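Q: To be precise about what I am sending: the file is called run_21.cif and holds mmCIF, C-alpha atoms.
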data_work
loop_
_atom_site.label_atom_id
_atom_site.label_comp_id
_atom_site.auth_asym_id
_atom_site.auth_seq_id
_atom_site.Cartn_x
_atom_site.Cartn_y
_atom_site.Cartn_z
CA GLY A 1 306.38 163.44 178.30
CA PHE A 2 308.00 166.11 180.42
CA GLN A 3 307.13 164.30 183.65
CA ALA A 4 309.11 161.27 182.53
CA LEU A 5 312.24 163.40 182.36
CA LEU A 6 311.99 164.52 185.99
CA ALA A 7 314.39 162.79 188.36
CA GLY A 8 313.04 160.41 190.96
CA ARG A 9 309.68 159.87 189.29
CA GLN A 10 310.37 156.47 187.74
CA VAL A 11 309.45 154.46 190.82
CA PHE A 12 306.17 156.37 191.14
CA ASP A 13 305.44 155.76 187.45
CA GLN A 14 306.00 152.04 187.99
CA ALA A 15 303.47 152.04 190.83
CA LEU A 16 301.05 154.03 188.68
CA ALA A 17 301.45 151.53 185.84
CA VAL A 18 300.22 148.80 188.16
CA ALA A 19 297.45 150.73 189.92
CA ALA A 20 296.12 152.88 187.04
CA PRO A 21 297.87 152.23 183.72
CA GLU A 22 295.47 154.49 181.84
CA ALA A 23 296.84 157.50 183.78
CA LEU A 24 300.24 157.10 182.12
CA ALA A 25 298.74 157.98 178.75
CA THR A 26 297.55 161.41 179.91
CA ALA A 27 299.44 164.54 180.90
CA ARG A 28 300.16 164.56 184.59
CA PRO A 29 300.83 167.53 186.93
CA LEU A 30 304.28 168.23 188.32
CA SER A 31 303.15 167.43 191.85
CA LEU A 32 302.77 163.81 192.88
CA HIS A 33 299.57 164.77 194.72
CA PRO A 34 298.07 167.91 193.12
CA PHE A 35 295.18 168.27 195.57
CA VAL A 36 297.52 168.24 198.56
CA THR A 37 299.81 170.74 196.87
CA GLU A 38 296.87 173.06 196.21
CA SER A 39 295.88 172.78 199.87
CA ALA A 40 299.44 173.58 200.97
CA TRP A 41 299.52 176.70 198.79
CA LEU A 42 296.21 177.84 200.23
CA THR A 43 297.53 177.28 203.76
CA SER A 44 300.54 179.46 202.95
CA LEU A 45 298.11 182.33 202.32
CA ILE A 46 297.60 182.45 206.11
CA ALA A 47 301.20 183.56 206.54
CA VAL A 48 300.97 186.02 203.64
CA GLY A 49 297.79 187.55 205.02
CA VAL A 50 299.14 187.92 208.55
CA TYR A 51 302.38 189.47 207.27
CA VAL A 52 300.60 191.99 205.03
CA ALA A 53 298.09 192.87 207.77
CA THR A 54 300.88 193.45 210.29
CA ARG A 55 302.73 195.74 207.89
CA THR A 56 299.51 197.61 207.11
CA LEU A 57 298.54 198.20 210.74
CA GLY A 58 301.77 200.04 211.53
CA GLU A 59 303.51 200.50 214.87
CA ARG A 60 300.50 201.02 217.14
CA GLY A 61 298.57 198.13 215.61
CA GLY A 62 301.65 195.92 215.86
CA GLN A 63 301.98 196.70 219.55
CA HIS A 64 298.32 195.88 220.20
CA LEU A 65 298.66 192.56 218.36
CA THR A 66 301.73 191.83 220.47
CA TYR A 67 299.64 192.18 223.62
CA LEU A 68 297.03 189.85 222.11
CA LEU A 69 299.79 187.34 221.37
CA PHE A 70 300.93 187.59 224.99
CA GLY A 71 297.40 186.69 226.10
CA VAL A 72 297.29 183.64 223.80
CA ALA A 73 300.71 182.45 224.97
CA LEU A 74 299.77 183.02 228.61
CA ALA A 75 296.67 180.84 228.21
CA GLN A 76 298.77 178.12 226.60
CA VAL A 77 301.25 178.16 229.49
CA VAL A 78 298.45 177.93 232.06
CA ILE A 79 297.01 174.89 230.29
CA GLY A 80 300.49 173.40 230.00
CA LEU A 81 301.13 173.83 233.71
CA PHE A 82 297.90 171.98 234.50
CA GLN A 83 298.98 169.18 232.16
CA PHE A 84 302.41 169.01 233.77
CA ALA A 85 300.92 169.02 237.27
CA THR A 86 298.60 166.15 236.33
CA ALA A 87 301.49 163.99 235.17
CA THR A 88 303.83 164.76 238.07
CA THR A 89 301.42 164.83 241.02
CA GLY A 90 298.74 162.39 239.94
CA VAL A 91 296.03 164.97 240.64
CA SER A 92 293.52 165.25 237.78
CA TYR A 93 292.51 168.62 236.35
CA GLU A 94 289.84 169.35 233.76
CA LEU A 95 292.20 171.49 231.65
CA ALA A 96 294.74 168.69 231.48
CA GLU A 97 292.34 166.60 229.44
CA LEU A 98 292.56 169.02 226.51
CA ALA A 99 295.76 167.41 225.29
CA PRO A 100 297.46 165.22 227.91
CA ARG A 101 300.93 164.15 226.88
CA GLY A 102 302.09 162.02 229.78
CA GLY A 103 304.53 164.20 231.67
CA ALA A 104 305.06 167.18 229.39
CA ALA A 105 303.07 170.31 228.63
CA SER A 106 301.71 170.77 225.14
CA GLY A 107 298.90 173.30 225.67
CA THR A 108 296.30 172.88 222.93
CA PHE A 109 298.97 171.71 220.47
CA ARG A 110 299.33 168.08 219.48
CA ASN A 111 303.08 168.17 220.10
CA ARG A 112 305.02 169.62 223.04
CA ASN A 113 307.67 170.97 220.64
CA HIS A 114 305.04 173.16 219.01
CA LEU A 115 304.16 174.82 222.31
CA ALA A 116 307.87 175.31 222.94
CA GLY A 117 308.18 176.85 219.47
CA LEU A 118 305.37 179.33 220.14
CA LEU A 119 306.83 180.39 223.49
CA ALA A 120 310.33 180.69 222.00
CA MET A 121 308.93 183.28 219.58
CA VAL A 122 307.03 185.18 222.27
CA PHE A 123 309.34 185.46 225.28
CA PRO A 124 311.95 187.70 223.53
CA LEU A 125 309.16 190.21 222.83
CA ALA A 126 308.22 190.31 226.52
CA LEU A 127 311.84 190.69 227.61
CA ALA A 128 312.41 193.40 224.99
CA LEU A 129 309.57 195.48 226.46
CA PHE A 130 310.83 194.73 229.96
CA ILE A 131 314.27 196.13 229.11
CA PHE A 132 312.77 199.13 227.30
CA HIS A 133 310.76 200.19 230.38
CA PHE A 134 313.40 199.19 232.92
CA GLY A 135 314.64 202.26 234.78
CA ARG A 136 313.44 204.80 232.24
CA GLY A 137 314.20 208.29 233.46
CA SER A 138 315.80 207.03 236.64
CA THR A 139 319.24 208.49 236.01
CA ARG A 140 318.48 211.78 234.25
CA SER A 141 317.72 213.89 237.31
CA ARG A 142 321.07 213.23 239.00
CA PRO A 143 323.57 212.47 236.22
CA HIS A 144 326.72 212.71 238.40
CA ARG A 145 326.06 209.78 240.73
CA GLY A 146 328.21 206.65 240.68
CA TRP A 147 327.18 203.40 239.03
CA ARG A 148 326.04 201.88 242.33
CA ASP A 149 323.61 204.72 242.99
CA LYS A 150 322.41 204.51 239.40
CA LEU A 151 321.78 200.79 239.72
CA ILE A 152 319.76 201.29 242.92
CA ALA A 153 317.74 204.03 241.24
CA VAL A 154 317.09 201.79 238.26
CA LEU A 155 315.83 198.97 240.48
CA ARG A 156 313.48 201.37 242.24
CA ALA A 157 312.22 203.04 239.06
CA GLY A 158 311.40 200.03 236.92
CA GLY A 159 307.71 200.68 237.33
CA ARG A 160 304.68 198.53 236.70
CA PRO A 161 305.11 198.05 232.93
CA SER A 162 308.64 196.77 233.40
CA LEU A 163 307.59 194.41 236.18
CA ALA A 164 304.64 193.05 234.18
CA PHE A 165 306.68 192.36 231.05
CA GLY A 166 309.51 190.88 233.09
CA LEU A 167 307.16 188.47 234.84
CA LEU A 168 305.60 187.53 231.50
CA GLY A 169 309.02 186.76 230.04
CA ILE A 170 309.91 184.56 233.02
CA PHE A 171 306.54 182.81 232.84
CA PHE A 172 307.01 182.03 229.15
CA VAL A 173 310.49 180.59 229.79
CA VAL A 174 309.04 178.42 232.55
CA GLY A 175 306.44 177.29 230.04
CA ILE A 176 309.21 176.15 227.70
CA VAL A 177 310.85 174.23 230.54
CA VAL A 178 307.71 172.26 231.41
CA THR A 179 307.30 171.18 227.77
CA ARG A 180 310.45 169.11 228.38
CA SER A 181 311.49 169.79 224.80
CA ARG A 182 315.26 169.58 224.40
CA SER A 183 315.29 171.83 221.36
CA GLY A 184 312.91 174.26 223.04
CA ILE A 185 315.05 174.56 226.17
CA ALA A 186 318.20 174.94 224.07
CA MET A 187 316.54 177.76 222.10
CA ALA A 188 315.45 179.42 225.37
CA MET A 189 319.10 179.42 226.49
CA LEU A 190 320.17 180.94 223.18
CA GLY A 191 317.37 183.50 223.37
CA LEU A 192 318.38 184.70 226.83
CA ILE A 193 321.95 185.18 225.63
CA LEU A 194 320.83 187.07 222.50
CA VAL A 195 318.49 189.33 224.50
CA ALA A 196 321.28 190.21 226.93
CA ALA A 197 323.86 190.76 224.17
CA LEU A 198 321.69 192.87 221.85
CA PHE A 199 320.03 195.05 224.50
CA ALA A 200 322.95 195.50 226.91
CA ARG A 201 323.77 198.95 225.54
CA HIS A 202 320.18 200.16 225.42
CA VAL A 203 318.62 199.45 228.81
CA GLY A 204 315.76 201.86 229.38
CA GLY A 205 315.22 202.70 225.72
CA GLY A 206 318.66 203.82 224.65
CA ALA A 207 319.90 205.21 227.96
CA SER A 208 323.18 203.42 228.54
CA PHE A 209 324.34 202.92 232.13
CA GLY A 210 327.98 202.65 231.18
CA LEU A 211 330.34 199.73 230.97
CA MET A 212 329.35 198.35 234.36
CA GLY A 213 325.67 198.37 233.43
CA ARG A 214 326.40 196.49 230.22
CA LEU A 215 328.49 193.92 232.05
CA VAL A 216 325.74 193.39 234.63
CA THR A 217 323.14 192.91 231.88
CA LEU A 218 325.34 190.42 230.05
CA ALA A 219 326.15 188.58 233.27
CA ILE A 220 322.46 188.23 234.14
CA GLY A 221 321.61 186.95 230.65
CA PHE A 222 324.43 184.40 230.58
CA ALA A 223 323.71 183.29 234.15
CA ALA A 224 320.03 182.73 233.32
CA ALA A 225 320.99 180.73 230.21
CA LEU A 226 323.51 178.61 232.10
CA GLY A 227 320.91 178.02 234.80
CA LEU A 228 318.87 176.11 232.21
CA ALA A 229 321.78 173.81 231.32
CA PRO A 230 321.07 171.31 234.15
CA VAL A 231 317.41 171.39 233.14
CA LEU A 232 318.37 170.53 229.57
CA ASP A 233 320.56 167.68 230.77
CA ARG A 234 318.27 166.12 233.42
CA PHE A 235 314.76 167.36 232.91
CA ALA A 236 314.20 167.14 229.14
CA TRP A 237 312.99 164.01 227.47
CA GLY A 238 314.67 161.79 224.95
CA ASP A 239 318.08 160.58 223.89
CA MET A 240 318.86 162.75 220.90
CA GLU A 241 321.48 160.35 219.53
CA GLY A 242 318.98 157.51 219.49
CA ASP A 243 316.15 159.69 218.22
CA ALA A 244 314.57 158.42 215.03
CA ARG A 245 314.49 161.94 213.62
CA TRP A 246 318.16 161.70 212.61
CA ARG A 247 317.45 158.62 210.48
CA ILE A 248 314.41 160.39 209.04
CA SER A 249 316.53 163.45 208.21
CA SER A 250 319.20 161.36 206.53
CA ALA A 251 316.61 159.52 204.41
CA SER A 252 314.88 162.83 203.60
CA LEU A 253 318.13 164.33 202.36
CA ASP A 254 318.77 161.32 200.14
CA GLY A 255 315.21 161.49 198.84
CA ALA A 256 315.47 165.21 198.15
CA GLY A 257 318.61 164.60 196.11
CA SER A 258 316.86 161.96 194.00
CA LEU A 259 313.90 164.27 193.35
CA LEU A 260 315.89 167.29 192.14
CA PRO A 261 315.33 169.72 190.53
CA LEU A 262 311.60 170.22 191.30
CA GLY A 263 310.92 167.90 194.24
CA SER A 264 307.76 165.91 194.87
CA GLY A 265 305.40 168.87 195.18
CA LEU A 266 304.56 171.16 198.09
CA GLY A 267 302.79 169.30 200.89
CA THR A 268 303.38 165.83 199.43
CA TYR A 269 306.06 164.67 201.87
CA PRO A 270 303.81 162.16 203.74
CA ASP A 271 302.71 160.62 200.44
CA ALA A 272 306.11 160.48 198.74
CA PHE A 273 308.45 159.64 201.64
CA PRO A 274 307.45 155.95 202.10
CA ILE A 275 309.55 155.21 198.98
CA HIS A 276 312.65 156.51 200.83
CA GLN A 277 311.67 155.48 204.36
CA PRO A 278 314.30 153.32 206.14
CA VAL A 279 313.28 149.71 206.67
CA GLU A 280 313.83 149.93 210.45
CA LEU A 281 311.18 152.67 210.59
CA GLY A 282 308.76 150.77 208.41
CA ARG A 283 306.15 150.21 211.12
CA TRP A 284 305.61 153.96 211.57
CA PHE A 285 303.87 156.52 209.41
CA ILE A 286 306.26 159.47 208.94
CA ASN A 287 304.18 162.59 208.38
CA HIS A 288 307.02 165.14 208.56
CA ALA A 289 310.80 165.20 208.21
CA HIS A 290 311.17 166.88 211.64
CA ASN A 291 313.35 169.38 209.79
CA ASP A 292 311.52 172.18 207.99
CA TYR A 293 314.44 172.88 205.67
CA LEU A 294 314.86 169.29 204.51
CA GLU A 295 311.11 168.92 204.06
CA LEU A 296 310.92 172.05 201.91
CA LEU A 297 313.90 170.86 199.87
CA TYR A 298 312.27 167.44 199.45
CA GLU A 299 309.01 168.94 198.25
CA THR A 300 310.18 171.89 196.16
CA GLY A 301 313.76 171.10 195.13
CA VAL A 302 315.88 173.92 193.69
CA PRO A 303 313.12 176.61 193.80
CA GLY A 304 312.69 175.95 197.54
CA LEU A 305 316.43 176.18 198.09
CA VAL A 306 316.54 179.52 196.26
CA LEU A 307 313.67 180.85 198.38
CA MET A 308 315.43 179.79 201.60
CA VAL A 309 318.68 181.50 200.57
CA LEU A 310 316.81 184.66 199.51
CA PHE A 311 314.90 184.82 202.79
CA LEU A 312 318.08 184.42 204.85
CA ALA A 313 319.79 187.15 202.81
CA LEU A 314 316.91 189.57 203.48
CA PHE A 315 316.80 188.50 207.12
CA PHE A 316 320.48 189.26 207.78
CA ARG A 317 320.23 192.49 205.79
CA GLN A 318 317.39 193.70 208.00
CA TRP A 319 319.39 192.79 211.11
CA GLY A 320 322.16 195.09 209.91
CA ARG A 321 319.69 197.93 209.34
CA LEU A 322 318.06 197.59 212.74
CA MET A 323 321.28 197.37 214.73
CA ALA A 324 322.74 200.38 212.91
CA GLY A 325 319.74 202.59 213.63
CA ALA A 326 320.36 205.58 215.88
CA GLU A 327 316.96 205.76 217.58
CA TRP A 328 316.04 202.90 219.90
CA SER A 329 312.32 203.48 220.30
CA ARG A 330 309.76 201.15 221.84
CA PHE A 331 308.95 199.79 218.39
CA ARG A 332 312.64 199.23 217.64
CA PHE A 333 312.83 197.09 220.78
CA LEU A 334 309.83 195.11 219.54
CA GLN A 335 311.51 194.64 216.16
CA ILE A 336 314.70 193.32 217.74
CA GLY A 337 312.66 191.03 220.00
CA ALA A 338 310.74 189.78 216.96
CA GLY A 339 314.02 189.11 215.16
CA ILE A 340 315.29 187.09 218.11
CA GLY A 341 312.03 185.12 218.21
CA MET A 342 312.31 184.39 214.49
CA THR A 343 315.93 183.29 214.96
CA LEU A 344 314.93 180.87 217.71
CA LEU A 345 312.15 179.29 215.64
CA LEU A 346 314.47 179.00 212.64
CA GLY A 347 316.92 177.19 214.91
CA HIS A 348 314.19 174.95 216.34
CA SER A 349 313.13 174.10 212.77
CA PHE A 350 316.28 172.01 212.35
CA THR A 351 314.76 169.39 214.68
CA ASP A 352 311.00 169.84 214.27
CA TYR A 353 308.28 171.12 211.95
CA ASN A 354 306.94 174.23 213.67
CA LEU A 355 306.58 176.08 210.36
CA HIS A 356 304.15 173.39 209.19
CA VAL A 357 301.83 174.15 212.11
CA PRO A 358 299.38 176.91 211.00
CA ALA A 359 299.29 178.62 214.42
CA ASN A 360 303.08 178.89 214.65
CA LEU A 361 303.37 179.78 210.96
CA ALA A 362 300.96 182.68 211.53
CA THR A 363 302.91 183.78 214.61
CA PHE A 364 306.18 183.65 212.64
CA ALA A 365 304.56 185.75 209.90
CA PHE A 366 303.44 188.29 212.51
CA LEU A 367 306.98 188.54 213.88
CA ALA A 368 308.26 188.96 210.32
CA GLY A 369 305.79 191.79 209.81
CA LEU A 370 307.23 193.56 212.86
CA PHE A 371 310.84 192.77 212.03
CA PHE A 372 310.77 193.88 208.39
CA SER A 373 308.83 197.10 209.03
CA PRO A 374 310.76 200.21 207.93
#
In structure tokens, how does this file's structure come out?

A:
Amino acid sequence: GFQALLAGRQVFDQALAVAAPEALATARPLSLHPFVTESAWLTSLIAVGVYVATRTLGERGGQHLTYLLFGVALAQVVIGLFQFATATTGVSYELAELAPRGGAASGTFRNRNHLAGLLAMVFPLALALFIFHFGRGSTRSRPHRGWRDKLIAVLRAGGRPSLAFGLLGIFFVVGIVVTRSRSGIAMAMLGLILVAALFARHVGGGASFGLMGRLVTLAIGFAAALGLAPVLDRFAWGDMEGDARWRISSASLDGAGSLLPLGSGLGTYPDAFPIHQPVELGRWFINHAHNDYLELLYETGVPGLVLMVLFLALFFRQWGRLMAGAEWSRFRFLQIGAGIGMTLLLGHSFTDYNLHVPANLATFAFLAGLFFSP
């Protein structure tokens, strides 16, 4: 039948011939595990629903949901700090027992990288609102003062909203640090640089403070990013070169090639990968490829590759539209912050599977709803 013509299915057919030979005589679905594929499609409806709801609510609703997201992320950081304190001080806390991970914060997630992924999406939003409110109206009353006087006025006129969002952004970055996730800390460094570079000309909601103000903003962003470099080198866990995820990724790529053009079926990676699993990793159960792109390619083949390329094309197109816009409103700042958060999670997805975690998938969909709004 048609299934017999699909690449990479022969070894599965051989196993089926031994376990259930009568199944070979009937028509079989394209997925190696239809029930799991159906479940994966239903899970994807979470992202679709969140995206549509965010677009429907509009600007005000999007801003209110952003504040709710800040509250969720703040609670996760608090739990993570208790977990980190338990491991480093030996003092036991009730909250630490939610998900202790022996020296790293994971919040209520099962994996510290997933908490880092959530915070990487959230902290650019907080910093975007911090920069929008920073010094608003501080230079309009006396436009002829020098840049030093302007800077002093800005520091005095930041106001409570700016201070609150700034502290939130710092708190979220600290939360990423205590996860001890190498990829998470690297994405935090990239995020700080992107925030400084994209908002340098629009401090205070479009009010530029001249060349010196832009240089100061860029210098602060790069200095903060470089300040995390020693943390990445000494504080994060794991030797990336010896990490098993690189062998998993290599085997996943080989397996994806053998399963072209349609892959094994959405959500079937844990069931199908043992055929391609390296012998040296044979004593472990590999539930994910630790690379969202390779896992999608493995499961969906050419259609998944087309979807990834289409999404990236739309993503970069929207970046061009947003950066070319004349009005830098509060919502425009949120959109740029959401785009940075999406960029960071897409980068983190090269070394982990954040987009396979429903909570982070829903958060990514929310950011997409903000980012792609007209």

Q: Nearest to Leu129 of chain A among A:Ser250, A:Gln335, A:Thr179, A:Thr86, with distances taken over all atoms listed in the file: which residue is it?

A: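 Using all atoms listed in the file, Leu129 of chain A sits closest to A:Gln335.
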
Q: Within 12 Å of (311.1, 172.7, 214.3), only C-alpha atoms: residues as a VMD selection string?

A: chain A and resid 111 to 118 120 181 to 184 187 245 288 to 295 342 to 357 360 to 361

Q: To one decimal place, how far is atom CA of Ala128 of chain A from atom CA of Gly58 of chain A in Å?

A: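 Pair atom CA of Ala128 of chain A / atom CA of Gly58 of chain A returns 18.4 Å.
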
Q: So the first atom is atom CA of Gly339 of chain A and the second is atom CA of Pro303 of chain A; what is the distance between them in Å, to one decimal place?

A: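 If I compute the distance from atom CA of Gly339 of chain A to atom CA of Pro303 of chain A, I get 24.8 Å.
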
Q: Hey, which of A:Gly369, A:Glu299, A:Phe285, A:Gln76 ends up closest to Leu266 of chain A? Count only C-alpha atoms.

A: A:Glu299

Q: Counting only C-alpha atoms, which residue out of A:Ile131, A:Ile176, A:Ala219, A:Leu190 sits closest to Trp328 of chain A?

A: A:Ile131

Q: Run the PyMOL selection byres ((chain A and resi 305) around 12) against the file shown and list the residues it catches, as number ranges by chain.

A: A: 256-257, 260-263, 292-304, 306-312

Q: Evaluate the PyMOL selection byres ((chain A and resi 80) around 8) on the structure here and hand back the selected residues as a PDB file with C-alpha atoms, in the frame of the given file.

A:
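Output (selection.pdb):
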ATOM      1  CA  GLN A  76     298.770 178.120 226.600  1.00  0.00           C
ATOM      2  CA  VAL A  77     301.250 178.160 229.490  1.00  0.00           C
ATOM      3  CA  VAL A  78     298.450 177.930 232.060  1.00  0.00           C
ATOM      4  CA  ILE A  79     297.010 174.890 230.290  1.00  0.00           C
ATOM      5  CA  LEU A  81     301.130 173.830 233.710  1.00  0.00           C
ATOM      6  CA  PHE A  82     297.900 171.980 234.500  1.00  0.00           C
ATOM      7  CA  GLN A  83     298.980 169.180 232.160  1.00  0.00           C
ATOM      8  CA  PHE A  84     302.410 169.010 233.770  1.00  0.00           C
ATOM      9  CA  ALA A  96     294.740 168.690 231.480  1.00  0.00           C
ATOM     10  CA  ALA A 104     305.060 167.180 229.390  1.00  0.00           C
ATOM     11  CA  ALA A 105     303.070 170.310 228.630  1.00  0.00           C
ATOM     12  CA  SER A 106     301.710 170.770 225.140  1.00  0.00           C
ATOM     13  CA  GLY A 107     298.900 173.300 225.670  1.00  0.00           C
ATOM     14  CA  GLY A 175     306.440 177.290 230.040  1.00  0.00           C
ATOM     15  CA  VAL A 178     307.710 172.260 231.410  1.00  0.00           C
ATOM     16  CA  THR A 179     307.300 171.180 227.770  1.00  0.00           C
TER      17      THR A 179
END

Q: Taking (312.3, 194.1, 218.3) in the file's coordinates as the center, which residues reach within 10 Å of it, counting all atoms listed in the file, put as a PDB file with C-alpha atoms, in the frame of the given file?

A:
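Dumped to part.pdb:
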ATOM      1  CA  PRO A 124     311.950 187.700 223.530  1.00  0.00           C
ATOM      2  CA  LEU A 125     309.160 190.210 222.830  1.00  0.00           C
ATOM      3  CA  ALA A 126     308.220 190.310 226.520  1.00  0.00           C
ATOM      4  CA  LEU A 127     311.840 190.690 227.610  1.00  0.00           C
ATOM      5  CA  ALA A 128     312.410 193.400 224.990  1.00  0.00           C
ATOM      6  CA  LEU A 129     309.570 195.480 226.460  1.00  0.00           C
ATOM      7  CA  VAL A 195     318.490 189.330 224.500  1.00  0.00           C
ATOM      8  CA  PHE A 199     320.030 195.050 224.500  1.00  0.00           C
ATOM      9  CA  LEU A 322     318.060 197.590 212.740  1.00  0.00           C
ATOM     10  CA  TRP A 328     316.040 202.900 219.900  1.00  0.00           C
ATOM     11  CA  SER A 329     312.320 203.480 220.300  1.00  0.00           C
ATOM     12  CA  ARG A 330     309.760 201.150 221.840  1.00  0.00           C
ATOM     13  CA  PHE A 331     308.950 199.790 218.390  1.00  0.00           C
ATOM     14  CA  ARG A 332     312.640 199.230 217.640  1.00  0.00           C
ATOM     15  CA  PHE A 333     312.830 197.090 220.780  1.00  0.00           C
ATOM     16  CA  LEU A 334     309.830 195.110 219.540  1.00  0.00           C
ATOM     17  CA  GLN A 335     311.510 194.640 216.160  1.00  0.00           C
ATOM     18  CA  ILE A 336     314.700 193.320 217.740  1.00  0.00           C
ATOM     19  CA  GLY A 337     312.660 191.030 220.000  1.00  0.00           C
ATOM     20  CA  ALA A 338     310.740 189.780 216.960  1.00  0.00           C
ATOM     21  CA  GLY A 339     314.020 189.110 215.160  1.00  0.00           C
ATOM     22  CA  ILE A 340     315.290 187.090 218.110  1.00  0.00           C
ATOM     23  CA  GLY A 341     312.030 185.120 218.210  1.00  0.00           C
ATOM     24  CA  LEU A 367     306.980 188.540 213.880  1.00  0.00           C
ATOM     25  CA  LEU A 370     307.230 193.560 212.860  1.00  0.00           C
ATOM     26  CA  PHE A 371     310.840 192.770 212.030  1.00  0.00           C
TER      27      PHE A 371
END

Q: If you measure from atom CA of Gly221 of chain A to atom CA of Ala200 of chain A, what distance in Å do you get, rounded to one decimal?

A: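 It comes out at 9.4 Å.
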
Q: List the residues selected by the PyMOL selection byres ((chain A and resi 39-43) around 12) in the file shown, writing them as a PDB file with C-alpha atoms, keeping the file's coordinate frame.

A:
ATOM      1  CA  SER A  31     303.150 167.430 191.850  1.00  0.00           C
ATOM      2  CA  HIS A  33     299.570 164.770 194.720  1.00  0.00           C
ATOM      3  CA  PRO A  34     298.070 167.910 193.120  1.00  0.00           C
ATOM      4  CA  PHE A  35     295.180 168.270 195.570  1.00  0.00           C
ATOM      5  CA  VAL A  36     297.520 168.240 198.560  1.00  0.00           C
ATOM      6  CA  THR A  37     299.810 170.740 196.870  1.00  0.00           C
ATOM      7  CA  GLU A  38     296.870 173.060 196.210  1.00  0.00           C
ATOM      8  CA  SER A  44     300.540 179.460 202.950  1.00  0.00           C
ATOM      9  CA  LEU A  45     298.110 182.330 202.320  1.00  0.00           C
ATOM     10  CA  ILE A  46     297.600 182.450 206.110  1.00  0.00           C
ATOM     11  CA  ALA A  47     301.200 183.560 206.540  1.00  0.00           C
ATOM     12  CA  VAL A  48     300.970 186.020 203.640  1.00  0.00           C
ATOM     13  CA  GLY A  49     297.790 187.550 205.020  1.00  0.00           C
ATOM     14  CA  VAL A  50     299.140 187.920 208.550  1.00  0.00           C
ATOM     15  CA  GLY A 265     305.400 168.870 195.180  1.00  0.00           C
ATOM     16  CA  LEU A 266     304.560 171.160 198.090  1.00  0.00           C
ATOM     17  CA  GLY A 267     302.790 169.300 200.890  1.00  0.00           C
ATOM     18  CA  THR A 268     303.380 165.830 199.430  1.00  0.00           C
ATOM     19  CA  TYR A 269     306.060 164.670 201.870  1.00  0.00           C
ATOM     20  CA  LEU A 296     310.920 172.050 201.910  1.00  0.00           C
ATOM     21  CA  GLU A 299     309.010 168.940 198.250  1.00  0.00           C
ATOM     22  CA  THR A 300     310.180 171.890 196.160  1.00  0.00           C
ATOM     23  CA  LEU A 355     306.580 176.080 210.360  1.00  0.00           C
ATOM     24  CA  HIS A 356     304.150 173.390 209.190  1.00  0.00           C
ATOM     25  CA  VAL A 357     301.830 174.150 212.110  1.00  0.00           C
ATOM     26  CA  PRO A 358     299.380 176.910 211.000  1.00  0.00           C
ATOM     27  CA  ALA A 359     299.290 178.620 214.420  1.00  0.00           C
ATOM     28  CA  LEU A 361     303.370 179.780 210.960  1.00  0.00           C
ATOM     29  CA  ALA A 362     300.960 182.680 211.530  1.00  0.00           C
TER      30      ALA A 362
END

Q: Since fewer atoms than expected are present, regenerate N, CA and C atoms for segment 173-184 of chain A and write them as a compact mmCIF listing (two decimals), in the coordinates of the input.

A:
# COMPACT_ATOMS: atom_id res chain seq x y z
N VAL A 173 309.33 181.48 229.73
CA VAL A 173 310.49 180.59 229.79
C VAL A 173 310.18 179.35 230.64
N VAL A 174 309.47 179.56 231.74
CA VAL A 174 309.04 178.42 232.55
C VAL A 174 308.15 177.50 231.73
N GLY A 175 307.28 178.09 230.90
CA GLY A 175 306.44 177.29 230.04
C GLY A 175 307.24 176.42 229.08
N ILE A 176 308.34 176.95 228.57
CA ILE A 176 309.21 176.15 227.70
C ILE A 176 309.83 175.00 228.49
N VAL A 177 310.23 175.27 229.72
CA VAL A 177 310.85 174.23 230.54
C VAL A 177 309.90 173.06 230.77
N VAL A 178 308.63 173.35 231.09
CA VAL A 178 307.71 172.26 231.41
C VAL A 178 307.26 171.49 230.17
N THR A 179 307.55 171.99 228.96
CA THR A 179 307.30 171.18 227.77
C THR A 179 308.27 170.01 227.70
N ARG A 180 309.41 170.13 228.37
CA ARG A 180 310.45 169.11 228.38
C ARG A 180 310.97 168.84 226.96
N SER A 181 310.97 169.88 226.17
CA SER A 181 311.49 169.79 224.80
C SER A 181 312.96 170.19 224.82
N ARG A 182 313.84 169.28 224.41
CA ARG A 182 315.26 169.58 224.40
C ARG A 182 315.57 170.77 223.49
N SER A 183 315.03 170.74 222.29
CA SER A 183 315.29 171.83 221.36
C SER A 183 314.71 173.14 221.89
N GLY A 184 313.52 173.06 222.50
CA GLY A 184 312.91 174.26 223.04
C GLY A 184 313.73 174.87 224.16
